[in-house]
$ cat data-v2.txt   # compact mmCIF, C-alpha atoms
# COMPACT_ATOMS: atom_id res chain seq x y z
CA MET A 89 0.00 0.00 0.00
CA ALA A 90 1.20 3.46 -0.92
CA SER A 91 2.48 5.57 1.90
CA LEU A 92 0.64 8.64 3.10
CA ASP A 93 3.13 10.93 1.46
CA ASP A 94 2.76 9.26 -1.93
CA LEU A 95 -1.01 9.53 -1.72
CA LYS A 96 -0.79 13.19 -0.86
CA LYS A 97 1.46 13.83 -3.83
CA ARG A 98 -0.88 11.99 -6.16
CA ILE A 99 -3.89 13.89 -4.95
CA SER A 100 -2.24 17.21 -5.53
CA SER A 101 -1.02 16.19 -8.97
CA VAL A 102 -4.48 15.04 -10.03
CA LYS A 103 -5.89 18.27 -8.72
CA SER A 104 -3.54 20.37 -10.80
CA THR A 105 -4.35 18.30 -13.87
CA GLN A 106 -7.99 18.96 -13.18
CA LYS A 107 -7.28 22.67 -13.09
CA ILE A 108 -5.70 22.48 -16.52
CA THR A 109 -8.50 20.49 -18.08
CA LYS A 110 -11.05 22.83 -16.58
CA ALA A 111 -9.28 25.83 -18.05
CA MET A 112 -9.04 24.13 -21.44
CA LYS A 113 -12.72 23.42 -21.32
CA MET A 114 -13.51 27.05 -20.66
CA VAL A 115 -11.28 28.19 -23.49
CA ALA A 116 -12.81 25.65 -25.86
CA ALA A 117 -16.30 26.74 -24.85
CA SER A 118 -15.67 30.36 -25.66
CA LYS A 119 -13.90 29.50 -28.89
CA LEU A 120 -16.70 27.16 -29.79
CA ARG A 121 -19.23 29.93 -29.65
CA ARG A 122 -17.23 31.96 -32.10
CA ALA A 123 -16.51 29.03 -34.39
CA GLN A 124 -20.12 27.98 -34.38
CA GLU A 125 -21.23 31.46 -35.24
CA SER A 126 -18.91 31.73 -38.19
CA ALA A 127 -19.86 28.25 -39.36
CA GLU A 128 -23.48 29.28 -39.37
CA LYS A 129 -22.72 32.58 -41.03
CA GLY A 130 -20.75 30.85 -43.72
CA ARG A 131 -23.53 28.48 -44.65
CA PRO A 132 -25.64 30.83 -46.80
CA TYR A 133 -22.72 31.44 -49.11
CA SER A 134 -21.95 27.82 -49.80
CA ASP A 135 -25.63 26.93 -50.02
CA LYS A 136 -26.28 29.67 -52.52
CA MET A 137 -23.24 28.71 -54.50
CA ASN A 138 -24.44 25.14 -54.61
CA ASN A 139 -27.85 26.22 -55.76
CA ILE A 140 -26.56 28.36 -58.55
CA ILE A 141 -24.29 25.62 -59.79
CA LEU A 142 -27.15 23.17 -59.65
CA ASN A 143 -29.35 25.48 -61.66
CA LEU A 144 -26.56 26.03 -64.13
CA SER A 145 -25.74 22.42 -64.62
CA ASN A 146 -29.39 21.60 -65.07
CA SER A 147 -29.69 24.05 -67.88
CA ILE A 148 -26.56 22.98 -69.68
CA SER A 149 -27.72 21.22 -72.76
CA ASP A 150 -24.47 19.82 -73.97
CA LYS A 151 -23.39 17.61 -71.10
CA GLU A 152 -20.51 16.09 -73.02
CA ASN A 153 -18.69 19.33 -73.42
CA SER A 154 -19.33 20.73 -69.99
CA PRO A 155 -16.28 21.79 -68.03
CA LYS A 156 -14.08 19.02 -66.72
CA LEU A 157 -14.43 20.13 -63.12
CA LEU A 158 -18.11 19.32 -63.34
CA ALA A 159 -18.07 16.23 -65.45
CA GLY A 160 -14.75 14.79 -64.36
CA SER A 161 -11.86 13.79 -66.54
CA GLY A 162 -13.77 10.76 -67.76
CA GLU A 163 -11.55 8.37 -65.92
CA ASP A 164 -11.58 6.91 -62.48
CA LYS A 165 -8.01 5.93 -61.83
CA VAL A 166 -6.32 8.32 -59.50
CA HIS A 167 -8.13 9.39 -56.38
CA LEU A 168 -7.06 12.42 -54.43
CA CYS A 169 -8.20 12.62 -50.84
CA ILE A 170 -8.04 15.78 -48.81
CA VAL A 171 -8.03 14.84 -45.16
CA MET A 172 -8.82 17.82 -43.01
CA THR A 173 -7.89 17.58 -39.35
CA SER A 174 -6.88 19.92 -36.58
CA ASP A 175 -3.46 21.24 -35.70
CA ARG A 176 -3.81 20.57 -32.02
CA GLY A 177 -4.53 17.48 -30.04
CA LEU A 178 -6.48 16.86 -26.87
CA CYS A 179 -9.81 17.02 -28.59
CA GLY A 180 -11.24 13.60 -27.95
CA GLY A 181 -12.07 11.45 -30.92
CA PHE A 182 -12.15 14.36 -33.34
CA ASN A 183 -9.10 13.54 -35.41
CA THR A 184 -9.37 9.80 -34.95
CA ASN A 185 -12.88 9.75 -36.33
CA ILE A 186 -11.88 11.55 -39.50
CA ILE A 187 -8.86 9.34 -39.94
CA LYS A 188 -10.92 6.22 -39.40
CA LYS A 189 -13.39 7.30 -42.03
CA ALA A 190 -10.62 8.22 -44.42
CA LYS A 191 -8.72 4.99 -43.86
CA SER A 192 -11.67 2.82 -44.70
CA TYR A 193 -12.10 4.82 -47.90
CA PHE A 194 -8.38 4.48 -48.70
CA GLN A 195 -8.65 0.74 -48.29
CA LYS A 196 -11.52 0.61 -50.73
CA ILE A 197 -9.54 2.59 -53.27
CA LEU A 198 -6.41 0.51 -52.88
CA ASP A 199 -8.33 -2.77 -52.95
CA SER A 200 -9.89 -1.88 -56.27
CA GLY A 201 -6.44 -1.28 -57.70
CA LYS A 202 -6.67 2.47 -58.09
CA ILE A 203 -3.99 4.96 -57.29
CA LEU A 204 -4.32 6.89 -54.07
CA LYS A 205 -2.96 10.34 -53.38
CA ILE A 206 -3.42 12.17 -50.13
CA ILE A 207 -3.19 15.78 -49.10
CA THR A 208 -3.41 16.40 -45.40
CA VAL A 209 -4.64 19.68 -44.03
CA GLY A 210 -3.73 20.09 -40.38
CA SER A 211 -0.72 18.49 -38.77
CA LYS A 212 -2.57 15.91 -36.67
CA GLY A 213 -3.84 14.12 -39.72
CA TYR A 214 -0.35 13.90 -41.13
CA ASP A 215 0.98 12.50 -37.89
CA GLN A 216 -1.59 9.74 -37.86
CA LEU A 217 -1.39 8.87 -41.52
CA LYS A 218 2.34 9.01 -42.13
CA ARG A 219 2.97 5.60 -40.67
CA THR A 220 0.71 3.65 -43.00
CA TYR A 221 0.40 5.86 -46.03
CA LYS A 222 3.66 7.73 -46.15
CA GLU A 223 4.27 7.21 -49.85
CA ASN A 224 0.73 8.25 -50.72
CA ILE A 225 0.90 11.65 -49.09
CA ILE A 226 1.84 14.15 -51.75
CA GLU A 227 1.44 17.30 -49.75
CA LYS A 228 0.81 18.45 -46.23
CA ILE A 229 -0.70 21.78 -45.45
CA SER A 230 -1.01 23.35 -42.07
CA PHE A 231 -2.44 26.67 -41.00
CA LYS A 232 -0.94 26.85 -37.58
CA GLU A 233 -0.08 30.50 -37.96
CA SER A 234 -3.51 31.78 -38.86
CA LYS A 235 -5.58 32.33 -35.79
CA ASN A 236 -8.99 32.11 -37.34
CA VAL A 237 -10.28 30.19 -40.25
CA ASN A 238 -10.28 32.51 -43.21
CA TYR A 239 -11.20 32.32 -46.83
CA PHE A 240 -7.72 32.99 -48.13
CA ASP A 241 -6.37 29.82 -46.58
CA ALA A 242 -9.22 27.87 -48.11
CA ASP A 243 -8.56 29.52 -51.42
CA LYS A 244 -4.92 28.45 -51.26
CA VAL A 245 -5.94 24.82 -50.82
CA GLY A 246 -8.49 25.19 -53.58
CA LYS A 247 -5.88 26.57 -55.96
CA ILE A 248 -3.55 23.69 -55.22
CA ILE A 249 -6.31 21.22 -56.01
CA ILE A 250 -7.31 22.90 -59.23
CA ASP A 251 -3.72 23.21 -60.29
CA LYS A 252 -3.22 19.51 -59.81
CA PHE A 253 -6.42 18.72 -61.60
CA GLU A 254 -5.42 20.75 -64.60
CA LYS A 255 -2.11 18.94 -64.69
CA LYS A 256 -4.17 15.75 -64.75
CA GLU A 257 -2.63 14.46 -61.57
CA PHE A 258 -5.89 12.96 -60.40
CA ASP A 259 -9.40 12.16 -61.57
CA VAL A 260 -11.56 12.16 -58.49
CA CYS A 261 -11.20 14.35 -55.46
CA THR A 262 -12.83 13.74 -52.09
CA ILE A 263 -12.59 15.76 -48.92
CA PHE A 264 -12.89 14.42 -45.40
CA TYR A 265 -14.00 16.58 -42.53
CA ASN A 266 -16.20 16.59 -39.49
CA GLN A 267 -19.59 18.14 -39.81
CA PHE A 268 -20.66 20.03 -36.75
CA LYS A 269 -24.04 18.95 -35.52
CA ASN A 270 -23.91 19.90 -31.89
CA VAL A 271 -21.40 19.97 -29.09
CA ILE A 272 -21.43 16.23 -28.50
CA THR A 273 -22.08 15.00 -32.02
CA GLN A 274 -19.80 15.57 -34.94
CA ILE A 275 -20.29 13.48 -38.01
CA PRO A 276 -17.28 12.58 -40.12
CA GLN A 277 -18.10 13.33 -43.73
CA GLU A 278 -16.72 12.36 -47.06
CA GLN A 279 -17.66 14.69 -49.84
CA GLN A 280 -16.70 14.34 -53.44
CA ILE A 281 -15.91 17.69 -54.98
CA ILE A 282 -14.43 16.71 -58.33
CA PRO A 283 -16.39 15.75 -60.34
CA LEU A 284 -19.15 17.54 -58.63
CA LYS A 285 -21.84 15.36 -57.19
CA ALA A 286 -25.17 16.96 -56.48
CA SER A 287 -26.43 15.62 -53.20
CA GLU A 288 -29.75 13.89 -53.57
CA SER A 289 -31.53 16.04 -51.07
CA GLU A 290 -31.06 19.09 -53.21
CA THR A 291 -32.96 18.05 -56.26
CA SER A 292 -34.85 21.27 -56.19
CA SER A 293 -37.49 21.64 -58.81
CA SER A 294 -35.88 24.45 -60.71
CA GLU A 295 -37.84 24.78 -63.87
CA ASP A 296 -37.22 28.47 -64.09
CA ASN A 297 -35.54 29.49 -67.19
CA TYR A 298 -32.55 31.55 -66.44
CA GLU A 299 -30.95 34.04 -68.66
CA PHE A 300 -27.21 33.76 -68.70
CA GLU A 301 -24.69 36.37 -69.39
CA PRO A 302 -22.19 35.35 -70.66
CA GLU A 303 -22.86 31.77 -71.81
CA GLU A 304 -23.50 28.93 -69.39
CA ASP A 305 -20.19 27.20 -69.95
CA GLU A 306 -18.28 30.36 -69.40
CA ILE A 307 -20.01 31.07 -66.13
CA LEU A 308 -19.56 27.50 -65.06
CA SER A 309 -15.88 27.40 -65.81
CA ASN A 310 -15.54 30.54 -63.75
CA LEU A 311 -17.71 29.37 -60.96
CA LEU A 312 -16.47 25.85 -60.45
CA PRO A 313 -12.98 26.72 -59.20
CA LYS A 314 -14.60 29.12 -56.78
CA ASN A 315 -16.94 26.43 -55.66
CA ILE A 316 -14.01 24.19 -54.78
CA SER A 317 -12.55 26.85 -52.52
CA THR A 318 -15.96 27.49 -51.06
CA GLN A 319 -16.47 23.84 -50.25
CA ILE A 320 -13.05 23.66 -48.66
CA PHE A 321 -13.82 26.76 -46.69
CA LYS A 322 -17.09 25.31 -45.53
CA ALA A 323 -15.31 22.15 -44.47
CA MET A 324 -12.76 24.22 -42.58
CA LEU A 325 -15.43 26.15 -40.74
CA GLU A 326 -17.34 23.02 -39.84
CA ASN A 327 -14.12 21.42 -38.77
CA SER A 328 -13.09 24.21 -36.48
CA ALA A 329 -16.48 24.27 -34.80
CA SER A 330 -16.35 20.50 -34.44
CA GLU A 331 -12.84 20.62 -33.05
CA GLN A 332 -13.80 23.05 -30.32
CA GLY A 333 -16.97 21.16 -29.52
CA SER A 334 -15.13 17.90 -29.35
CA ARG A 335 -12.40 19.39 -27.19
CA MET A 336 -14.93 20.89 -24.88
CA SER A 337 -16.72 17.63 -24.21
CA ALA A 338 -13.43 15.76 -23.93
CA MET A 339 -12.13 18.22 -21.38
CA ASP A 340 -15.42 18.15 -19.53
CA ASN A 341 -15.08 14.39 -19.21
CA ALA A 342 -11.49 14.70 -18.13
CA THR A 343 -12.40 17.21 -15.45
CA ARG A 344 -15.11 14.96 -14.14
CA ASN A 345 -12.85 11.92 -14.11
CA ALA A 346 -10.20 13.86 -12.25
CA GLY A 347 -12.79 14.85 -9.66
CA GLU A 348 -13.78 11.23 -9.16
CA MET A 349 -10.17 10.23 -8.85
CA VAL A 350 -9.48 12.90 -6.25
CA ASP A 351 -12.47 11.67 -4.22
CA LYS A 352 -11.28 8.09 -4.39
CA LEU A 353 -7.73 8.99 -3.47
CA THR A 354 -8.88 11.17 -0.60
CA ILE A 355 -10.87 8.32 0.88
CA GLN A 356 -7.89 6.05 0.51
CA TYR A 357 -5.68 8.67 2.08
CA ASN A 358 -8.01 9.12 5.06
CA ARG A 359 -8.36 5.39 5.56
CA SER A 360 -4.65 4.81 5.66
CA ARG A 361 -4.19 7.77 7.99
CA GLN A 362 -6.84 6.28 10.28
CA ALA A 363 -5.16 2.90 10.10
CA ALA A 364 -1.83 4.39 11.05
CA ILE A 365 -3.37 6.16 14.05
CA THR A 366 -5.14 3.01 15.19
CA LYS A 367 -1.96 1.06 14.84
CA GLU A 368 -0.07 3.55 16.98
CA LEU A 369 -2.81 3.51 19.62
CA ILE A 370 -2.75 -0.27 19.79
CA GLU A 371 0.97 -0.16 20.23
CA ILE A 372 0.70 2.34 23.08
CA ILE A 373 -2.14 0.50 24.80
CA SER A 374 -0.54 -2.88 24.55
CA GLY A 375 2.70 -1.35 25.81
CA ALA A 376 0.89 0.13 28.82
CA GLU A 377 -0.91 -3.14 29.49
CA SER A 378 2.26 -5.16 29.60
CA LEU A 379 3.62 -3.05 32.40
CA MET B 119 -43.86 53.82 -56.83
CA ARG B 120 -44.12 50.10 -56.33
CA GLU B 121 -42.09 48.34 -53.73
CA GLY B 122 -38.68 47.19 -54.70
CA PHE B 123 -37.05 43.81 -54.46
CA LYS B 124 -34.89 41.97 -52.00
CA LEU B 125 -31.13 42.22 -52.07
CA GLU B 126 -28.75 39.87 -50.34
CA ILE B 127 -25.01 40.14 -50.41
CA VAL B 128 -23.05 37.33 -48.85
CA ASN B 129 -19.35 36.75 -48.60
CA PRO B 130 -17.74 33.54 -47.41
CA GLU B 131 -17.35 34.72 -43.84
CA SER B 132 -20.79 36.13 -43.27
CA SER B 133 -23.82 37.77 -44.69
CA PHE B 134 -22.64 41.21 -45.70
CA LEU B 135 -25.88 42.99 -46.41
CA SER B 136 -29.51 42.11 -46.58
CA LYS B 137 -32.14 44.57 -47.63
CA GLU B 138 -35.75 44.66 -48.61
CA GLY B 139 -37.28 47.21 -50.90
CA VAL B 140 -34.34 48.05 -53.09
CA SER B 141 -35.45 49.89 -56.19
CA GLU B 142 -32.46 49.37 -58.46
CA VAL B 143 -29.05 47.79 -58.41
CA VAL B 144 -26.40 48.44 -61.00
CA VAL B 145 -23.80 45.70 -61.05
CA PRO B 146 -20.55 45.55 -62.99
CA ALA B 147 -21.40 42.39 -64.91
CA PHE B 148 -18.77 40.67 -66.96
CA GLU B 149 -20.04 42.03 -70.23
CA GLY B 150 -20.75 45.50 -69.01
CA ASP B 151 -22.69 47.26 -66.33
CA MET B 152 -26.16 45.96 -65.85
CA GLY B 153 -29.04 47.63 -64.09
CA ILE B 154 -31.51 45.38 -62.38
CA LEU B 155 -35.03 46.56 -61.59
CA LYS B 156 -37.97 44.80 -60.07
CA ASP B 157 -39.43 41.88 -62.05
CA HIS B 158 -36.28 41.38 -64.04
CA ILE B 159 -36.09 38.02 -65.78
CA SER B 160 -34.22 35.33 -63.81
CA ILE B 161 -30.59 35.76 -64.57
CA ILE B 162 -27.23 34.40 -63.53
CA SER B 163 -24.10 36.30 -64.32
CA PHE B 164 -20.74 37.03 -62.84
CA LEU B 165 -19.02 40.24 -61.99
CA LYS B 166 -15.84 41.93 -62.95
CA PRO B 167 -14.06 44.30 -60.61
CA GLY B 168 -16.05 47.49 -60.43
CA LEU B 169 -18.53 49.60 -58.58
CA MET B 170 -21.91 48.40 -57.59
CA ARG B 171 -24.62 50.96 -57.02
CA ILE B 172 -27.63 50.27 -54.89
CA PHE B 173 -30.59 52.63 -55.16
CA GLU B 174 -33.14 52.66 -52.47
CA GLY B 175 -35.63 55.40 -53.10
CA SER B 176 -33.48 58.49 -53.35
CA ASN B 177 -30.66 56.88 -51.43
CA GLU B 178 -27.62 55.66 -53.26
CA GLU B 179 -24.94 53.40 -51.89
CA ILE B 180 -21.81 52.49 -53.74
CA TYR B 181 -19.66 49.45 -53.14
CA TYR B 182 -16.51 48.20 -54.72
CA VAL B 183 -16.51 44.52 -55.63
CA ASP B 184 -13.62 42.42 -56.77
CA ASP B 185 -15.49 39.51 -58.20
CA GLY B 186 -18.69 37.66 -57.63
CA ILE B 187 -21.69 35.89 -58.95
CA ILE B 188 -25.17 37.26 -59.07
CA GLU B 189 -28.42 35.44 -59.25
CA PHE B 190 -31.75 37.13 -59.69
CA LYS B 191 -34.86 35.08 -59.18
CA ASN B 192 -38.38 35.80 -57.95
CA ASN B 193 -37.47 39.35 -57.11
CA CYS B 194 -34.57 38.33 -54.97
CA LEU B 195 -31.09 39.34 -55.96
CA SER B 196 -28.30 37.31 -54.40
CA ILE B 197 -24.77 38.45 -54.81
CA LEU B 198 -21.93 36.16 -53.82
CA THR B 199 -18.63 37.90 -53.56
CA SER B 200 -15.38 37.33 -51.77
CA ASN B 201 -14.30 40.96 -51.68
CA ILE B 202 -16.59 43.90 -51.15
CA PHE B 203 -16.06 47.34 -49.63
CA ASP B 204 -18.17 50.34 -48.99
CA ILE B 205 -16.30 53.01 -50.92
CA LYS B 206 -16.98 55.58 -48.24
CA LYS B 207 -15.10 53.43 -45.79
CA ILE B 208 -12.46 52.11 -48.07
CA ASP B 209 -8.93 52.69 -46.95
CA LYS B 210 -6.97 54.73 -49.50
CA ASN B 211 -3.79 52.89 -48.69
CA PHE B 212 -5.49 49.60 -49.09
CA ALA B 213 -6.79 50.60 -52.49
CA LYS B 214 -3.33 51.74 -53.47
CA ASP B 215 -1.82 48.45 -52.45
CA ALA B 216 -4.44 46.57 -54.40
CA LEU B 217 -3.78 48.78 -57.39
CA ALA B 218 -0.06 48.20 -57.22
CA LYS B 219 -0.58 44.48 -57.03
CA ALA B 220 -3.00 44.49 -59.93
CA GLU B 221 -0.57 46.49 -62.04
CA GLN B 222 2.16 44.06 -61.22
CA ASP B 223 0.00 41.11 -62.16
CA ALA B 224 -0.99 42.76 -65.40
CA GLN B 225 2.69 42.95 -66.39
CA LYS B 226 3.05 39.22 -66.28
CA LYS B 227 3.23 37.59 -69.65
CA ASP B 228 1.67 34.25 -68.92
CA ILE B 229 -1.82 35.38 -68.03
CA SER B 230 -4.82 34.58 -70.10
CA ASP B 231 -6.74 37.18 -72.07
CA GLN B 232 -9.61 36.92 -69.71
CA SER B 233 -7.64 37.57 -66.58
CA LYS B 234 -5.84 40.38 -68.36
CA TYR B 235 -9.17 41.95 -69.16
CA LEU B 236 -10.30 41.60 -65.57
CA LEU B 237 -7.08 43.09 -64.28
CA ASP B 238 -7.35 46.05 -66.62
CA GLN B 239 -10.82 46.70 -65.34
CA LYS B 240 -9.61 46.48 -61.81
CA ILE B 241 -6.78 48.89 -62.40
CA GLU B 242 -9.09 51.41 -63.98
CA VAL B 243 -11.59 51.33 -61.17
CA LEU B 244 -8.98 51.41 -58.46
CA LYS B 245 -7.23 54.33 -60.12
CA ASN B 246 -10.42 56.31 -60.03
CA LEU B 247 -10.92 55.37 -56.43
CA THR B 248 -7.49 56.42 -55.29
CA LEU B 249 -7.70 59.71 -57.16
CA ASN B 250 -10.82 60.87 -55.40
$ encode --input "data-v2.txt" --output "structure tokens"
Amino acid sequence: MASLDDLKKRISSVKSTQKITKAMKMVAASKLRRAQESAEKGRPYSDKMNNIILNLSNSISDKENSPKLLAGSGEDKVHLCIVMTSDRGLCGGFNTNIIKKAKSYFQKILDSGKILKIITVGSKGYDQLKRTYKENIIEKISFKESKNVNYFDADKVGKIIIDKFEKKEFDVCTIFYNQFKNVITQIPQEQQIIPLKASESETSSSEDNYEFEPEEDEILSNLLPKNISTQIFKAMLENSASEQGSRMSAMDNATRNAGEMVDKLTIQYNRSRQAAITKELIEIISGAESL
Amino acid sequence: MREGFKLEIVNPESSFLSKEGVSEVVVPAFEGDMGILKDHISIISFLKPGLMRIFEGSNEEIYYVDDGIIEFKNNCLSILTSNIFDIKKIDKNFAKDALAKAEQDAQKKDISDQSKYLLDQKIEVLKNLTLN
């Protein structure tokens, strides 16, 4: 059994850990509010963008000649996966969930004999993937320096993707991120952005005839690269809200566990103190009796 | 006068402006400035760098936009743009920087005709802005 001194030390160390986790929880909570707000503010833009593109692609008559970003390169050989994770740890299952989702997708790709390329956004994703998929990772991007999620960062990633697409380095592009639902639930998502897949829920009945200026294809070829950046940006916003939410609940759990542990250790400490006192008393009494 | 239409301007970070009852908006569309009034036909177009004027009764507001897409449908004009400034609040230095950068980009040889055209437009507008 541990000595009284050891127990005391452990209690105080658990207590100081609890202080840290509590502080981290507070910080995450306040950051979460901001992140959530900007995620919600950012939604109209990406939704509108999606709508316009949907309307446009519906009205394109010549599907064969539509821009490559929409229709794809016609092949299905090289898959590019953008795995978006956080730059910091201690956020529960946040990164692991994305990685898990991504890994099962990777396996599918590799099993069907296709070529896999990976770009990681955020250093945690790189750390977790480099062991198994080192030779597949073609680029790692991290935005440690930028404090808040901003559009320019997303645009940078978007430009890299488009650049690679134009050089025919891949055929299909999928992004992985966590969608923020609420503080305790974040859903890992895979979203294919090249070629663009209209999600089934958005089959809006758009029979309106639009007038286009300039021509449809020209608008589309202008719009699609922007859409890529927008989707990335959306994913980044969702991700940052999810990260904070996940960290908050993880730290909340940690704080609670530390509290339980302190209680348990305190009881143990008191018991052994009591035992020591009793033992001393018995020694004294039996000493007195023997006289 | 009849009531106007709804105008919504959003940029990636947030909703920039949302207004009901706008009487006319003049946007710098790619093929030239375009005025939009109530009951305009549904249209999708994109913008070149330029000034956007919003008329609301006798009020007039002017914004500088870098790029964007507009969609007009059922008397609702949505403008998606990544860069928009109220020209009353625009920072002269900022405009100058942007101008310098645009001029630099325009010097490059390997740009396409389209981006050259857009840059020229941008330079012109920004020049006017910095002069005033």
$ interface_residues --input "data-v2.txt" --of "chain A" --to "chain B" --cutoff "9 Å" --atoms "all atoms listed in the file" --output "PDB file with C-alpha atoms, in the coordinates of the input"
ATOM      1  CA  SER A 126     -18.910  31.730 -38.190  1.00  0.00           C
ATOM      2  CA  ALA A 127     -19.860  28.250 -39.360  1.00  0.00           C
ATOM      3  CA  GLU A 128     -23.480  29.280 -39.370  1.00  0.00           C
ATOM      4  CA  LYS A 129     -22.720  32.580 -41.030  1.00  0.00           C
ATOM      5  CA  GLY A 130     -20.750  30.850 -43.720  1.00  0.00           C
ATOM      6  CA  ARG A 131     -23.530  28.480 -44.650  1.00  0.00           C
ATOM      7  CA  PRO A 132     -25.640  30.830 -46.800  1.00  0.00           C
ATOM      8  CA  TYR A 133     -22.720  31.440 -49.110  1.00  0.00           C
ATOM      9  CA  SER A 134     -21.950  27.820 -49.800  1.00  0.00           C
ATOM     10  CA  LYS A 136     -26.280  29.670 -52.520  1.00  0.00           C
ATOM     11  CA  MET A 137     -23.240  28.710 -54.500  1.00  0.00           C
ATOM     12  CA  ILE A 140     -26.560  28.360 -58.550  1.00  0.00           C
ATOM     13  CA  LEU A 144     -26.560  26.030 -64.130  1.00  0.00           C
ATOM     14  CA  ASN A 238     -10.280  32.510 -43.210  1.00  0.00           C
ATOM     15  CA  TYR A 239     -11.200  32.320 -46.830  1.00  0.00           C
ATOM     16  CA  ASP A 296     -37.220  28.470 -64.090  1.00  0.00           C
ATOM     17  CA  ASN A 297     -35.540  29.490 -67.190  1.00  0.00           C
ATOM     18  CA  TYR A 298     -32.550  31.550 -66.440  1.00  0.00           C
ATOM     19  CA  GLU A 299     -30.950  34.040 -68.660  1.00  0.00           C
ATOM     20  CA  PHE A 300     -27.210  33.760 -68.700  1.00  0.00           C
ATOM     21  CA  GLU A 301     -24.690  36.370 -69.390  1.00  0.00           C
ATOM     22  CA  PRO A 302     -22.190  35.350 -70.660  1.00  0.00           C
ATOM     23  CA  GLU A 303     -22.860  31.770 -71.810  1.00  0.00           C
ATOM     24  CA  GLU A 304     -23.500  28.930 -69.390  1.00  0.00           C
ATOM     25  CA  ILE A 307     -20.010  31.070 -66.130  1.00  0.00           C
ATOM     26  CA  ASN A 310     -15.540  30.540 -63.750  1.00  0.00           C
ATOM     27  CA  LEU A 311     -17.710  29.370 -60.960  1.00  0.00           C
ATOM     28  CA  THR A 318     -15.960  27.490 -51.060  1.00  0.00           C
ATOM     29  CA  PHE A 321     -13.820  26.760 -46.690  1.00  0.00           C
ATOM     30  CA  LYS A 322     -17.090  25.310 -45.530  1.00  0.00           C
TER      31      LYS A 322
END
$ residues_near_point --input "data-v2.txt" --point "(-4.2, 9.6, -0.3)" --cutoff "9 Å" --atoms "all atoms listed in the file" --output "list of chain:residue names"
A:Ala90, A:Ser91, A:Leu92, A:Asp93, A:Asp94, A:Leu95, A:Lys96, A:Lys97, A:Arg98, A:Ile99, A:Val350, A:Lys352, A:Leu353, A:Thr354, A:Ile355, A:Gln356, A:Tyr357, A:Asn358, A:Arg359, A:Ser360, A:Arg361
$ residues_around --input "data-v2.txt" --residues "Val171 in chain A" --least-positions-apart "4" --cutoff "8 Å" --atoms "only C-alpha atoms" --output "PyMOL selection string"
chain A and resi 186-187+190+206-209+213+263-265
$ residues_around --input "data-v2.txt" --residues "Leu168 in chain A" --least-positions-apart "6" --cutoff "12 Å" --atoms "all atoms listed in the file" --output "count of residues only"
34
$ atom_distance --input "data-v2.txt" --atom1 "CA of Leu247 in chain B" --atom2 "CA of Asp243 in chain A"
26.4 Å
$ residues_around --input "data-v2.txt" --residues "Gly175 in chain B" --least-positions-apart "5" --cutoff "10 Å" --atoms "only C-alpha atoms" --output "ChimeraX atom specification"
/B:119,121-122,139-142
$ closest_residue --input "data-v2.txt" --among "B:Leu195, B:Gln225, B:Leu244, B:Asp185" --to "Asp209 in chain B" --atoms "only C-alpha atoms"
B:Leu244
